[in-house]
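For reference, target_8.txt (compact mmCIF, C-alpha atoms and all ligand atoms):
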# COMPACT_ATOMS: atom_id res chain seq x y z
CA MET S 1 100.50 90.11 99.55
CA LEU S 2 98.87 93.24 98.19
CA VAL S 3 95.36 94.48 98.91
CA LEU S 4 93.68 96.55 96.20
CA LYS S 5 90.31 98.20 96.66
CA PHE S 6 88.31 99.53 93.72
CA GLY S 7 85.49 102.01 94.21
CA GLY S 8 82.09 102.18 92.55
CA THR S 9 83.19 104.13 89.47
CA SER S 10 86.10 101.74 88.91
CA VAL S 11 83.63 98.86 88.55
CA GLY S 12 80.80 101.06 87.24
CA SER S 13 80.97 100.11 83.56
CA VAL S 14 82.28 97.37 81.32
CA LYS S 15 85.05 99.69 80.13
CA ASN S 16 86.17 100.48 83.66
CA MET S 17 85.96 96.84 84.73
CA THR S 18 88.29 96.06 81.84
CA ASN S 19 90.74 98.66 83.18
CA VAL S 20 90.53 97.04 86.60
CA LYS S 21 91.12 93.61 85.07
CA ASN S 22 94.31 94.90 83.45
CA ILE S 23 95.50 96.39 86.75
CA VAL S 24 94.87 93.28 88.86
CA SER S 25 96.23 90.80 86.35
CA GLU S 26 99.77 92.15 86.90
CA GLY S 27 102.05 91.41 89.86
CA GLY S 28 101.87 88.76 92.55
CA ARG S 29 99.15 87.39 94.83
CA LYS S 30 96.57 89.86 95.91
CA VAL S 31 93.21 90.42 97.53
CA VAL S 32 90.87 92.66 95.53
CA VAL S 33 88.15 94.40 97.52
CA LEU S 34 85.27 95.82 95.49
CA SER S 35 82.52 98.34 96.11
CA ALA S 36 79.14 98.03 94.49
CA MET S 37 78.84 99.46 90.96
CA SER S 38 78.36 103.23 91.22
CA GLY S 39 74.77 104.19 91.91
CA THR S 40 73.78 100.75 93.17
CA THR S 41 74.07 101.31 96.91
CA ASN S 42 72.14 104.57 96.56
CA ALA S 43 69.45 102.72 94.60
CA LEU S 44 69.27 100.02 97.30
CA VAL S 45 69.02 102.63 100.06
CA GLU S 46 66.19 104.19 98.07
CA ILE S 47 64.40 100.83 97.87
CA SER S 48 64.77 100.40 101.62
CA ASN S 49 63.36 103.91 102.19
CA THR S 50 60.39 103.15 99.97
CA ILE S 51 59.68 100.02 102.02
CA LYS S 52 59.99 102.11 105.18
CA ASP S 53 57.36 104.49 103.74
CA GLY S 54 55.04 101.50 103.37
CA LYS S 55 55.07 101.55 99.55
CA ALA S 56 55.87 97.90 98.79
CA ALA S 57 54.58 98.04 95.19
CA GLU S 58 56.76 101.03 94.38
CA ALA S 59 59.76 99.30 95.98
CA LEU S 60 59.11 96.31 93.77
CA SER S 61 59.22 98.41 90.62
CA GLN S 62 62.48 100.04 91.81
CA VAL S 63 63.91 96.53 92.21
CA GLU S 64 62.74 95.71 88.69
CA ALA S 65 64.44 98.78 87.17
CA LEU S 66 67.72 97.93 88.88
CA TYR S 67 67.43 94.32 87.70
CA GLN S 68 67.16 95.42 84.09
CA ASN S 69 70.40 97.42 84.47
CA TYR S 70 72.19 94.33 85.71
CA VAL S 71 70.88 92.13 82.91
CA GLN S 72 72.35 94.69 80.52
CA VAL S 73 75.72 94.74 82.32
CA VAL S 74 75.97 90.94 82.25
CA ASN S 75 75.10 90.83 78.57
CA ASP S 76 77.80 93.41 77.80
CA LEU S 77 80.44 91.96 80.12
CA PHE S 78 80.60 88.35 79.02
CA SER S 79 81.45 86.97 75.61
CA LYS S 80 81.44 83.29 76.60
CA ASP S 81 77.98 81.75 77.02
CA SER S 82 78.75 79.63 80.08
CA PHE S 83 79.99 82.68 82.03
CA LYS S 84 77.08 84.78 80.86
CA GLU S 85 74.52 82.15 81.86
CA GLU S 86 76.07 81.56 85.28
CA SER S 87 76.10 85.30 85.99
CA LEU S 88 72.54 85.78 84.76
CA ALA S 89 71.44 82.96 87.06
CA TYR S 90 73.25 84.62 89.98
CA ILE S 91 71.75 88.07 89.48
CA LYS S 92 68.35 86.48 88.97
CA ALA S 93 68.61 84.79 92.37
CA VAL S 94 69.78 87.98 94.09
CA PHE S 95 66.90 90.00 92.62
CA GLU S 96 64.43 87.28 93.48
CA GLU S 97 65.50 87.65 97.10
CA LEU S 98 65.25 91.45 96.84
CA ARG S 99 61.69 91.09 95.56
CA THR S 100 60.83 88.97 98.58
CA LEU S 101 62.40 91.53 100.91
CA THR S 102 60.14 94.31 99.57
CA SER S 103 57.15 92.64 101.19
CA GLN S 104 58.75 92.58 104.64
CA LYS S 105 58.46 95.10 107.42
CA HIS S 106 61.18 97.72 107.62
CA SER S 107 63.96 97.11 110.15
CA THR S 108 67.69 97.80 110.38
CA LEU S 109 68.35 94.19 109.51
CA LEU S 110 66.14 94.47 106.42
CA TYR S 111 68.05 97.60 105.38
CA ASN S 112 71.37 95.80 105.96
CA LYS S 113 70.27 92.82 103.87
CA ILE S 114 69.12 95.05 101.02
CA VAL S 115 72.26 97.22 100.87
CA SER S 116 74.54 94.17 101.04
CA LYS S 117 73.43 93.09 97.57
CA GLY S 118 75.44 95.70 95.66
CA GLU S 119 78.83 94.30 96.66
CA LEU S 120 77.61 90.71 96.23
CA LEU S 121 76.63 91.50 92.64
CA SER S 122 79.79 93.39 91.66
CA THR S 123 82.17 90.78 93.10
CA PHE S 124 80.36 87.83 91.53
CA MET S 125 80.38 89.39 88.09
CA PHE S 126 83.97 90.59 88.35
CA SER S 127 85.32 87.25 89.54
CA ARG S 128 83.66 85.50 86.58
CA PHE S 129 84.92 88.24 84.27
CA LEU S 130 88.51 87.43 85.31
CA GLN S 131 87.92 83.69 85.09
CA GLN S 132 86.53 84.09 81.58
CA ASP S 133 90.03 85.33 80.61
CA GLY S 134 91.70 82.34 82.26
CA LEU S 135 93.00 84.25 85.28
CA LYS S 136 93.37 82.29 88.54
CA ALA S 137 90.76 84.29 90.42
CA SER S 138 88.56 83.10 93.32
CA LEU S 139 85.58 84.81 94.89
CA ILE S 140 85.71 84.71 98.68
CA SER S 141 82.76 85.81 100.79
CA ALA S 142 83.30 88.65 103.26
CA PHE S 143 80.66 86.94 105.41
CA ASP S 144 83.20 84.14 106.03
CA PHE S 145 85.66 86.43 107.80
CA MET S 146 84.51 90.07 108.23
CA ARG S 147 82.86 90.42 111.58
CA THR S 148 82.33 93.16 114.12
CA ASP S 149 82.33 92.71 117.89
CA ARG S 150 79.85 93.86 120.56
CA LEU S 151 81.26 97.40 120.36
CA ASN S 152 80.71 97.42 116.60
CA GLU S 153 84.45 97.45 115.99
CA PRO S 154 86.10 95.02 113.57
CA ASP S 155 86.88 91.79 115.44
CA SER S 156 90.51 91.67 114.34
CA PHE S 157 91.34 88.35 115.98
CA TYR S 158 88.38 86.59 114.34
CA ILE S 159 89.07 88.27 110.99
CA LYS S 160 92.75 87.33 110.98
CA GLN S 161 92.09 83.69 111.82
CA ASN S 162 89.23 83.21 109.41
CA LEU S 163 90.63 85.16 106.49
CA ASN S 164 93.89 83.20 106.64
CA ARG S 165 91.92 79.97 106.82
CA VAL S 166 89.90 80.95 103.75
CA LEU S 167 93.01 81.88 101.76
CA GLU S 168 94.81 78.67 102.69
CA ALA S 169 91.96 76.70 101.16
CA HIS S 170 92.78 78.22 97.74
CA ALA S 171 96.45 77.39 97.27
CA ASP S 172 96.56 78.02 93.52
CA THR S 173 94.64 81.31 93.45
CA ASP S 174 96.48 84.46 92.37
CA ILE S 175 93.63 86.94 92.72
CA PHE S 176 91.11 86.79 95.56
CA ILE S 177 87.99 88.90 95.02
CA THR S 178 85.91 89.95 98.00
CA GLN S 179 83.20 92.42 98.98
CA GLY S 180 83.98 95.70 100.66
CA PHE S 181 81.54 97.30 103.12
CA ILE S 182 79.57 94.20 104.17
CA CYS S 183 80.17 92.08 107.25
CA LEU S 184 78.41 90.14 109.98
CA ASP S 185 77.77 91.63 113.39
CA ALA S 186 78.62 89.95 116.70
CA ASP S 187 75.39 87.92 116.53
CA GLY S 188 76.10 86.74 113.00
CA ASN S 189 73.51 89.00 111.35
CA VAL S 190 74.16 90.77 108.04
CA SER S 191 75.66 94.17 108.75
CA ASN S 192 78.06 96.68 107.21
CA LEU S 193 80.82 99.16 107.97
CA GLU S 194 78.59 102.10 107.03
CA ARG S 195 78.53 104.10 103.81
CA GLY S 196 81.90 104.36 102.15
CA GLY S 197 83.13 101.44 104.25
CA SER S 198 84.85 99.50 101.46
CA ASP S 199 88.06 101.44 102.04
CA TYR S 200 87.90 100.39 105.66
CA THR S 201 87.41 96.74 104.62
CA ALA S 202 90.58 97.00 102.53
CA SER S 203 92.71 98.25 105.39
CA ILE S 204 91.22 95.72 107.84
CA VAL S 205 92.08 92.97 105.34
CA GLY S 206 95.52 94.52 104.81
CA ALA S 207 96.20 94.46 108.55
CA ALA S 208 94.89 90.89 108.96
CA LEU S 209 97.22 89.66 106.21
CA GLU S 210 100.10 91.98 107.13
CA ALA S 211 100.05 93.05 103.49
CA SER S 212 102.98 94.90 101.96
CA GLU S 213 100.64 97.70 100.81
CA VAL S 214 96.96 98.64 100.68
CA GLN S 215 95.95 100.40 97.48
CA ILE S 216 92.74 102.38 97.20
CA TRP S 217 91.87 102.76 93.52
CA THR S 218 89.40 105.53 92.83
CA ASP S 219 88.44 108.06 90.16
CA ILE S 220 90.79 110.85 91.24
CA ASP S 221 94.59 110.91 91.40
CA GLY S 222 94.80 111.02 95.19
CA PHE S 223 94.22 113.59 97.90
CA HIS S 224 94.22 117.12 96.57
CA ASN S 225 95.54 120.18 98.36
CA ASN S 226 92.06 121.75 98.24
CA ASP S 227 88.52 120.74 97.33
CA PRO S 228 88.31 120.53 93.50
CA ARG S 229 84.55 121.06 93.67
CA PHE S 230 85.01 124.62 94.93
CA VAL S 231 88.51 125.62 93.92
CA GLN S 232 90.23 125.54 90.52
CA ASP S 233 93.77 124.30 89.90
CA THR S 234 94.11 122.06 92.91
CA ASP S 235 97.05 119.65 92.92
CA ALA S 236 97.36 116.04 93.98
CA ILE S 237 99.46 115.53 97.10
CA SER S 238 102.16 112.93 96.52
CA HIS S 239 102.82 112.03 100.14
CA LEU S 240 101.07 112.23 103.50
CA SER S 241 101.86 110.81 106.91
CA PHE S 242 99.27 108.59 108.59
CA ASP S 243 98.44 111.49 110.92
CA GLU S 244 97.96 113.99 108.11
CA ALA S 245 95.86 111.50 106.15
CA ALA S 246 93.67 110.74 109.17
CA GLU S 247 92.89 114.45 109.61
CA LEU S 248 92.21 114.92 105.90
CA ALA S 249 90.13 111.78 105.53
CA TYR S 250 87.75 113.04 108.16
CA PHE S 251 87.54 116.53 106.69
CA GLY S 252 88.39 115.61 103.11
CA ALA S 253 86.36 115.41 99.96
CA LYS S 254 85.19 111.84 100.63
CA ILE S 255 88.29 110.34 99.08
CA LEU S 256 88.98 107.96 101.92
CA HIS S 257 86.76 106.55 104.65
CA PRO S 258 87.98 108.28 107.83
CA GLN S 259 88.76 105.02 109.65
CA THR S 260 90.92 103.63 106.86
CA VAL S 261 94.35 104.39 108.26
CA MET S 262 93.58 103.06 111.73
CA PRO S 263 94.06 99.30 111.22
CA VAL S 264 97.31 99.71 109.26
CA ARG S 265 98.96 102.60 111.06
CA ASP S 266 100.59 100.62 113.90
CA LEU S 267 101.71 97.91 111.50
CA GLU S 268 103.21 100.63 109.29
CA ILE S 269 101.55 99.21 106.18
CA PRO S 270 101.53 101.97 103.53
CA VAL S 271 98.28 103.03 101.89
CA ARG S 272 98.39 104.30 98.33
CA ILE S 273 95.55 106.18 96.63
CA LYS S 274 95.54 105.50 92.89
CA ASN S 275 93.48 106.59 89.90
CA THR S 276 91.92 103.69 87.95
CA MET S 277 91.60 105.87 84.87
CA GLU S 278 95.29 106.85 85.06
CA PRO S 279 97.12 103.89 86.57
CA LYS S 280 100.57 105.31 85.86
CA ALA S 281 99.95 108.53 87.84
CA HIS S 282 101.74 108.59 91.21
CA GLY S 283 98.67 109.14 93.39
CA THR S 284 99.07 109.76 97.13
CA LEU S 285 101.31 107.58 99.27
CA ILE S 286 100.42 107.47 102.97
CA ASP S 287 102.95 106.03 105.39
CA SER S 288 104.60 106.67 108.75
CA SER S 289 107.12 109.22 107.54
CA ALA S 290 106.41 112.94 107.74
CA GLU S 291 107.79 115.24 105.08
CA GLY S 292 108.03 119.00 104.73
CA GLU S 293 106.47 121.56 106.99
CA GLY S 294 103.59 124.00 106.79
CA ILE S 295 100.19 123.80 105.15
CA LYS S 296 99.84 120.85 102.80
CA ALA S 297 96.10 120.74 102.30
CA VAL S 298 92.85 122.54 102.98
CA ALA S 299 89.55 120.71 103.30
CA ALA S 300 86.06 121.46 104.54
CA ILE S 301 83.21 119.56 106.11
CA ASP S 302 79.63 120.89 106.15
CA GLY S 303 76.64 120.08 108.30
CA ILE S 304 78.31 121.13 111.53
CA THR S 305 76.34 122.30 114.56
CA ALA S 306 78.02 124.63 117.06
CA ILE S 307 76.88 124.65 120.68
CA LYS S 308 77.86 127.34 123.18
CA ILE S 309 77.41 126.44 126.82
CA LYS S 310 77.57 129.33 129.26
CA SER S 311 77.54 129.16 133.02
CA ALA S 312 79.28 131.78 135.13
CA ARG S 313 78.56 129.85 138.29
CA MET S 314 79.75 126.46 137.20
CA LEU S 315 82.84 126.93 135.10
CA GLN S 316 85.18 127.78 137.97
CA ALA S 317 84.02 124.72 139.79
CA SER S 318 85.86 121.54 138.89
CA GLY S 319 83.79 118.90 137.18
CA PHE S 320 81.94 121.27 134.83
CA LEU S 321 83.44 119.90 131.63
CA LYS S 322 82.97 116.34 132.87
CA LYS S 323 79.29 117.03 133.31
CA VAL S 324 79.07 118.49 129.81
CA PHE S 325 80.94 115.60 128.19
CA GLU S 326 78.88 112.99 130.01
CA ILE S 327 75.74 114.29 128.34
CA PHE S 328 77.29 113.93 124.87
CA GLU S 329 78.55 110.48 125.76
CA LYS S 330 75.11 109.44 126.93
CA TYR S 331 73.73 110.26 123.47
CA HIS S 332 76.68 108.66 121.61
CA THR S 333 77.46 111.99 120.01
CA SER S 334 81.08 112.75 119.44
CA ILE S 335 82.52 116.22 119.76
CA ASP S 336 84.81 117.45 116.97
CA MET S 337 86.08 120.89 117.97
CA ILE S 338 86.19 122.51 121.36
CA THR S 339 87.28 125.87 122.74
CA THR S 340 86.81 127.28 126.22
CA SER S 341 86.84 130.66 127.91
CA GLU S 342 86.38 131.60 131.53
CA ILE S 343 82.62 131.52 131.33
CA ALA S 344 81.73 129.46 128.28
CA VAL S 345 82.55 126.34 126.33
CA SER S 346 81.96 126.15 122.59
CA LEU S 347 81.95 122.85 120.82
CA THR S 348 80.84 121.30 117.56
CA ILE S 349 79.12 118.09 116.54
CA ASP S 350 78.45 116.65 113.08
CA ASP S 351 75.59 114.39 114.10
CA ALA S 352 72.62 116.38 115.36
CA THR S 353 70.28 113.38 115.82
CA TYR S 354 70.05 113.87 119.59
CA LEU S 355 70.56 117.63 119.62
CA LYS S 356 67.23 118.36 121.32
CA ASP S 357 67.84 115.92 124.17
CA ILE S 358 71.42 117.09 124.62
CA VAL S 359 70.41 120.75 124.74
CA SER S 360 67.62 120.17 127.23
CA GLU S 361 69.98 118.33 129.59
CA LEU S 362 72.63 121.06 129.23
CA GLU S 363 70.00 123.71 129.97
CA GLU S 364 69.49 122.21 133.41
CA PHE S 365 72.71 123.89 134.51
CA SER S 366 73.70 126.40 131.80
CA LYS S 367 72.58 128.76 129.06
CA VAL S 368 72.86 127.14 125.64
CA ASP S 369 73.12 128.71 122.15
CA VAL S 370 72.93 126.53 119.06
CA ASP S 371 74.12 127.52 115.56
CA THR S 372 73.43 125.19 112.66
CA HIS S 373 74.73 125.29 109.05
CA ARG S 374 78.34 125.70 110.03
CA THR S 375 81.40 124.39 108.23
CA ILE S 376 84.75 123.33 109.59
CA VAL S 377 87.67 124.32 107.41
CA CYS S 378 90.65 122.22 108.23
CA LEU S 379 94.27 123.00 107.41
CA VAL S 380 96.55 120.01 107.50
CA GLY S 381 100.31 119.73 107.33
CA ASN S 382 103.24 118.36 109.23
CA ASN S 383 104.13 120.70 112.11
CA ILE S 384 101.67 123.26 110.79
CA VAL S 385 101.23 124.94 114.17
CA HIS S 386 104.91 125.86 114.35
CA HIS S 387 105.29 127.08 110.82
CA PRO S 388 106.30 130.77 110.63
CA ASP S 389 103.78 131.54 107.88
CA THR S 390 100.79 130.24 109.78
CA HIS S 391 100.07 133.55 111.51
CA LYS S 392 99.38 135.13 108.09
CA LEU S 393 96.19 133.11 107.96
CA PHE S 394 94.44 135.64 110.14
CA GLN S 395 95.36 138.43 107.75
CA ILE S 396 94.16 136.40 104.76
CA LEU S 397 90.85 135.61 106.40
CA GLN S 398 90.21 138.98 108.01
CA ASP S 399 86.87 139.43 106.21
CA ILE S 400 85.56 136.00 107.11
CA ASN S 401 83.52 135.58 110.25
CA ILE S 402 85.45 132.92 112.15
CA ARG S 403 83.36 131.49 114.97
CA MET S 404 85.90 129.12 116.53
CA ILE S 405 89.54 128.15 116.06
CA SER S 406 91.21 124.97 117.14
CA TYR S 407 94.96 125.41 117.15
CA GLY S 408 97.44 123.02 118.68
CA GLY S 409 95.14 120.07 119.27
CA SER S 410 97.69 118.24 117.17
CA ASN S 411 100.78 119.58 115.44
CA ASN S 412 99.26 118.71 112.09
CA ASN S 413 95.96 120.50 112.16
CA ILE S 414 94.31 123.88 112.51
CA SER S 415 90.53 123.97 112.27
CA LEU S 416 88.32 127.01 111.75
CA LEU S 417 84.57 127.10 112.19
CA ILE S 418 82.81 129.37 109.71
CA ASN S 419 79.33 129.90 108.26
CA THR S 420 78.68 127.46 105.45
CA SER S 421 77.76 130.42 103.23
CA ASP S 422 81.40 131.62 103.52
CA LYS S 423 82.92 128.26 102.59
CA THR S 424 83.69 128.75 98.91
CA GLU S 425 85.22 132.17 99.53
CA THR S 426 87.31 130.83 102.41
CA LEU S 427 88.63 127.85 100.44
CA GLN S 428 89.45 130.02 97.44
CA LYS S 429 91.19 132.69 99.53
CA LEU S 430 93.25 130.10 101.34
CA HIS S 431 94.16 128.46 98.08
CA ARG S 432 95.27 131.69 96.49
CA TYR S 433 97.43 132.73 99.37
CA VAL S 434 98.67 129.42 100.69
CA PHE S 435 99.45 127.57 97.47
CA GLU S 436 99.74 130.25 94.84
CA THR S 437 101.26 133.41 96.30
CA ALA S 438 102.13 134.66 99.75
CA LEU S 439 103.09 131.49 101.56
CA ALA S 440 104.33 129.43 98.63
N1 LIG K 1 78.92 100.61 98.35
C1 LIG K 1 79.05 101.23 99.64
C2 LIG K 1 78.64 102.68 99.55
O1 LIG K 1 78.30 103.15 98.48
C3 LIG K 1 80.38 101.06 100.25
C4 LIG K 1 81.52 101.73 99.49
O2 LIG K 1 81.40 101.96 98.30
O3 LIG K 1 82.54 102.02 100.09
O4 LIG K 1 78.64 103.35 100.54
MG MG K 2 84.42 105.66 98.77
How does the structure come out when it is put into structure tokens?
Ligand code: ASP
Ligand code: MG
Amino acid sequence: MLVLKFGGTSVGSVKNMTNVKNIVSEGGRKVVVLSAMSGTTNALVEISNTIKDGKAAEALSQVEALYQNYVQVVNDLFSKDSFKEESLAYIKAVFEELRTLTSQKHSTLLYNKIVSKGELLSTFMFSRFLQQDGLKASLISAFDFMRTDRLNEPDSFYIKQNLNRVLEAHADTDIFITQGFICLDADGNVSNLERGGSDYTASIVGAALEASEVQIWTDIDGFHNNDPRFVQDTDAISHLSFDEAAELAYFGAKILHPQTVMPVRDLEIPVRIKNTMEPKAHGTLIDSSAEGEGIKAVAAIDGITAIKIKSARMLQASGFLKKVFEIFEKYHTSIDMITTSEIAVSLTIDDATYLKDIVSELEEFSKVDVDTHRTIVCLVGNNIVHHPDTHKLFQILQDINIRMISYGGSNNNISLLINTSDKTETLQKLHRYVFETALA
């Protein structure tokens, strides 16, 4: 069994959906996980925000505009009347419900219900699109098997049992179509795996079915060795280990949801990133083997807050770090980078929601400095910390103000904290020296 996930651009137009149809109609039995059409989830989030702002009438007209887009898509997608009519009736019902939701009071559940519609629409239309061509395709509802537990983690036991049960009920289906991103929570309410979560759905499904491979089809030919938005002439990386991919997915250019490798890593199910627009291109293969040594990729993540905690009196005493960490834990804020000296601890967070509370609790026993608008530049590669060329990095970056370095946390990663205003220069310098000249 194969699991193939297609992102928003891949199902974002009739032309691209035709490409996807050609890809999935080849080979054996498979589960196809789809995102919403590109732009739809953003539009739904916007509608939810408008409701939150108390502007129900405006939300209603946003729903109307989106509805018109879908009527157009259905008209373009289907040539046979029966399929067109069935799909029009489906989107009509979905938008009718959305209209009703605009008059309700904002809540997380309301948001979850609204944003779930994108994947419901794309999968319905795509399943009928395949059936119109006589393909043995069945639409299966993620709500029948995707569920999270009390800790908000995928309930793998429940998912495995229920997904297998659902598939067994369709003995003569070749292509199962299901929604990425959406799920039920432990109480059975509509929920989701957070933005970008369709990749995660695919690997959860892959693990539940012990698939031979999970393929993530997107609009780029895999992970690149640097961020193509800021650096020219980046190259696709043909192979990464699970560890390298996990580091890059967190710091990477949003190619893969950071949790994606987790469900499949222990089962050693390979993940392949493929380009829908260029299906023959190799893409990036991610599996348990590690190849080559040294720097394979550079990536950056913005919106980082650095916190320096200073306390001459406390640091010597045991239990200081425990006290610090407990405060972050209390506010469900995870720490990304950390360095310590004799009298201070510096750490970074990417979610500053509870920054004020955290700082005021830290100030009860230390002096705290906060720097916002920082960027983590992350260098990833097998055994990077032992590579003889790695020390040249400091020479290359001598003009950049490096605020923190994390070296040796894993053998595959070196992270540097810089000012966001230095990001483009840092990425370009690293690219020039690492991939084009000195260290190549
Ligand atoms: N449609 C959702 C989003 O835009 C989930 C996904 O595409 O992965 O975040
Ligand atoms: Mg995505």
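Every residue having at least one atom no farther than 7 Å from ligand MG 2 (chain K) is included below, with all atoms listed in the file taken into account: S:Gly7, S:Gly196, S:Ser198, S:Asp199, S:Lys254, S:Ile255, S:Leu256, S:His257.
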Write a file of the just-selected residues containing C-alpha atoms, as a JSON list (two decimals), in the frame of the given file.
[["chain", "number", "residue", "atom", "x", "y", "z"],
["S", 7, "GLY", "CA", 85.49, 102.01, 94.21],
["S", 196, "GLY", "CA", 81.90, 104.36, 102.15],
["S", 198, "SER", "CA", 84.85, 99.50, 101.46],
["S", 199, "ASP", "CA", 88.06, 101.44, 102.04],
["S", 254, "LYS", "CA", 85.19, 111.84, 100.63],
["S", 255, "ILE", "CA", 88.29, 110.34, 99.08],
["S", 256, "LEU", "CA", 88.98, 107.96, 101.92],
["S", 257, "HIS", "CA", 86.76, 106.55, 104.65]]
Quiz prompt | Surroundings of ligand LIG 1 (chain K) up to 12 Å, based on only C-alpha atoms and all ligand atoms, as a PyMOL selection string | solution = chain S and resi 5-12+33-45+112+114-123+179-183+191-202+216-218+254-260
Residue selection dump (C-alpha atoms) as an mmCIF file, keeping the file's coordinate frame:
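As a result, part-v2.cif now contains:
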data_model
loop_
_atom_site.group_PDB
_atom_site.id
_atom_site.type_symbol
_atom_site.label_atom_id
_atom_site.label_comp_id
_atom_site.auth_asym_id
_atom_site.auth_seq_id
_atom_site.Cartn_x
_atom_site.Cartn_y
_atom_site.Cartn_z
ATOM 1 C CA LYS S 5 90.310 98.200 96.660
ATOM 2 C CA PHE S 6 88.310 99.530 93.720
ATOM 3 C CA GLY S 7 85.490 102.010 94.210
ATOM 4 C CA GLY S 8 82.090 102.180 92.550
ATOM 5 C CA THR S 9 83.190 104.130 89.470
ATOM 6 C CA SER S 10 86.100 101.740 88.910
ATOM 7 C CA VAL S 11 83.630 98.860 88.550
ATOM 8 C CA GLY S 12 80.800 101.060 87.240
ATOM 9 C CA VAL S 33 88.150 94.400 97.520
ATOM 10 C CA LEU S 34 85.270 95.820 95.490
ATOM 11 C CA SER S 35 82.520 98.340 96.110
ATOM 12 C CA ALA S 36 79.140 98.030 94.490
ATOM 13 C CA MET S 37 78.840 99.460 90.960
ATOM 14 C CA SER S 38 78.360 103.230 91.220
ATOM 15 C CA GLY S 39 74.770 104.190 91.910
ATOM 16 C CA THR S 40 73.780 100.750 93.170
ATOM 17 C CA THR S 41 74.070 101.310 96.910
ATOM 18 C CA ASN S 42 72.140 104.570 96.560
ATOM 19 C CA ALA S 43 69.450 102.720 94.600
ATOM 20 C CA LEU S 44 69.270 100.020 97.300
ATOM 21 C CA VAL S 45 69.020 102.630 100.060
ATOM 22 C CA ASN S 112 71.370 95.800 105.960
ATOM 23 C CA ILE S 114 69.120 95.050 101.020
ATOM 24 C CA VAL S 115 72.260 97.220 100.870
ATOM 25 C CA SER S 116 74.540 94.170 101.040
ATOM 26 C CA LYS S 117 73.430 93.090 97.570
ATOM 27 C CA GLY S 118 75.440 95.700 95.660
ATOM 28 C CA GLU S 119 78.830 94.300 96.660
ATOM 29 C CA LEU S 120 77.610 90.710 96.230
ATOM 30 C CA LEU S 121 76.630 91.500 92.640
ATOM 31 C CA SER S 122 79.790 93.390 91.660
ATOM 32 C CA THR S 123 82.170 90.780 93.100
ATOM 33 C CA GLN S 179 83.200 92.420 98.980
ATOM 34 C CA GLY S 180 83.980 95.700 100.660
ATOM 35 C CA PHE S 181 81.540 97.300 103.120
ATOM 36 C CA ILE S 182 79.570 94.200 104.170
ATOM 37 C CA CYS S 183 80.170 92.080 107.250
ATOM 38 C CA SER S 191 75.660 94.170 108.750
ATOM 39 C CA ASN S 192 78.060 96.680 107.210
ATOM 40 C CA LEU S 193 80.820 99.160 107.970
ATOM 41 C CA GLU S 194 78.590 102.100 107.030
ATOM 42 C CA ARG S 195 78.530 104.100 103.810
ATOM 43 C CA GLY S 196 81.900 104.360 102.150
ATOM 44 C CA GLY S 197 83.130 101.440 104.250
ATOM 45 C CA SER S 198 84.850 99.500 101.460
ATOM 46 C CA ASP S 199 88.060 101.440 102.040
ATOM 47 C CA TYR S 200 87.900 100.390 105.660
ATOM 48 C CA THR S 201 87.410 96.740 104.620
ATOM 49 C CA ALA S 202 90.580 97.000 102.530
ATOM 50 C CA ILE S 216 92.740 102.380 97.200
ATOM 51 C CA TRP S 217 91.870 102.760 93.520
ATOM 52 C CA THR S 218 89.400 105.530 92.830
ATOM 53 C CA LYS S 254 85.190 111.840 100.630
ATOM 54 C CA ILE S 255 88.290 110.340 99.080
ATOM 55 C CA LEU S 256 88.980 107.960 101.920
ATOM 56 C CA HIS S 257 86.760 106.550 104.650
ATOM 57 C CA PRO S 258 87.980 108.280 107.830
ATOM 58 C CA GLN S 259 88.760 105.020 109.650
ATOM 59 C CA THR S 260 90.920 103.630 106.860
#
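Here atom CA of S:Ile358 stands at a distance of 25.8 Å from atom CA of S:Ser107.
Pairwise distance (atom CA of S:Ser410, atom CA of S:Ile349) equals 18.6 Å.
The two atoms in question, atom CA of S:Ile338 and atom CA of S:Ile405, are spaced 8.4 Å apart.
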Self-check item: Close residues, stretch 124-129 of chain S itself excluded, 9 Å, only C-alpha atoms, min 4 positions apart in chain, as a PyMOL selection string
Solution: chain S and resi 11+17-18+21+34+74+77-78+83-84+86-87+90-91+119-120+133+137-139+175-178
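Each of S:Ala352, S:Met262, S:Ile237, S:Ile140 was checked against S:Gly381 using all atoms listed in the file; the smallest atom-to-atom distance is that of S:Ile237.
When the distance limit is 9 Å and all atoms listed in the file are what count, the residues near S:Pro270, minus those fewer than 4 positions from it on the same chain, are Ser212, Glu213, Val214, Gln215, Phe242, Val261, Val264, Arg265, Leu285, Ile286, Asp287 and Ser288 of chain S.
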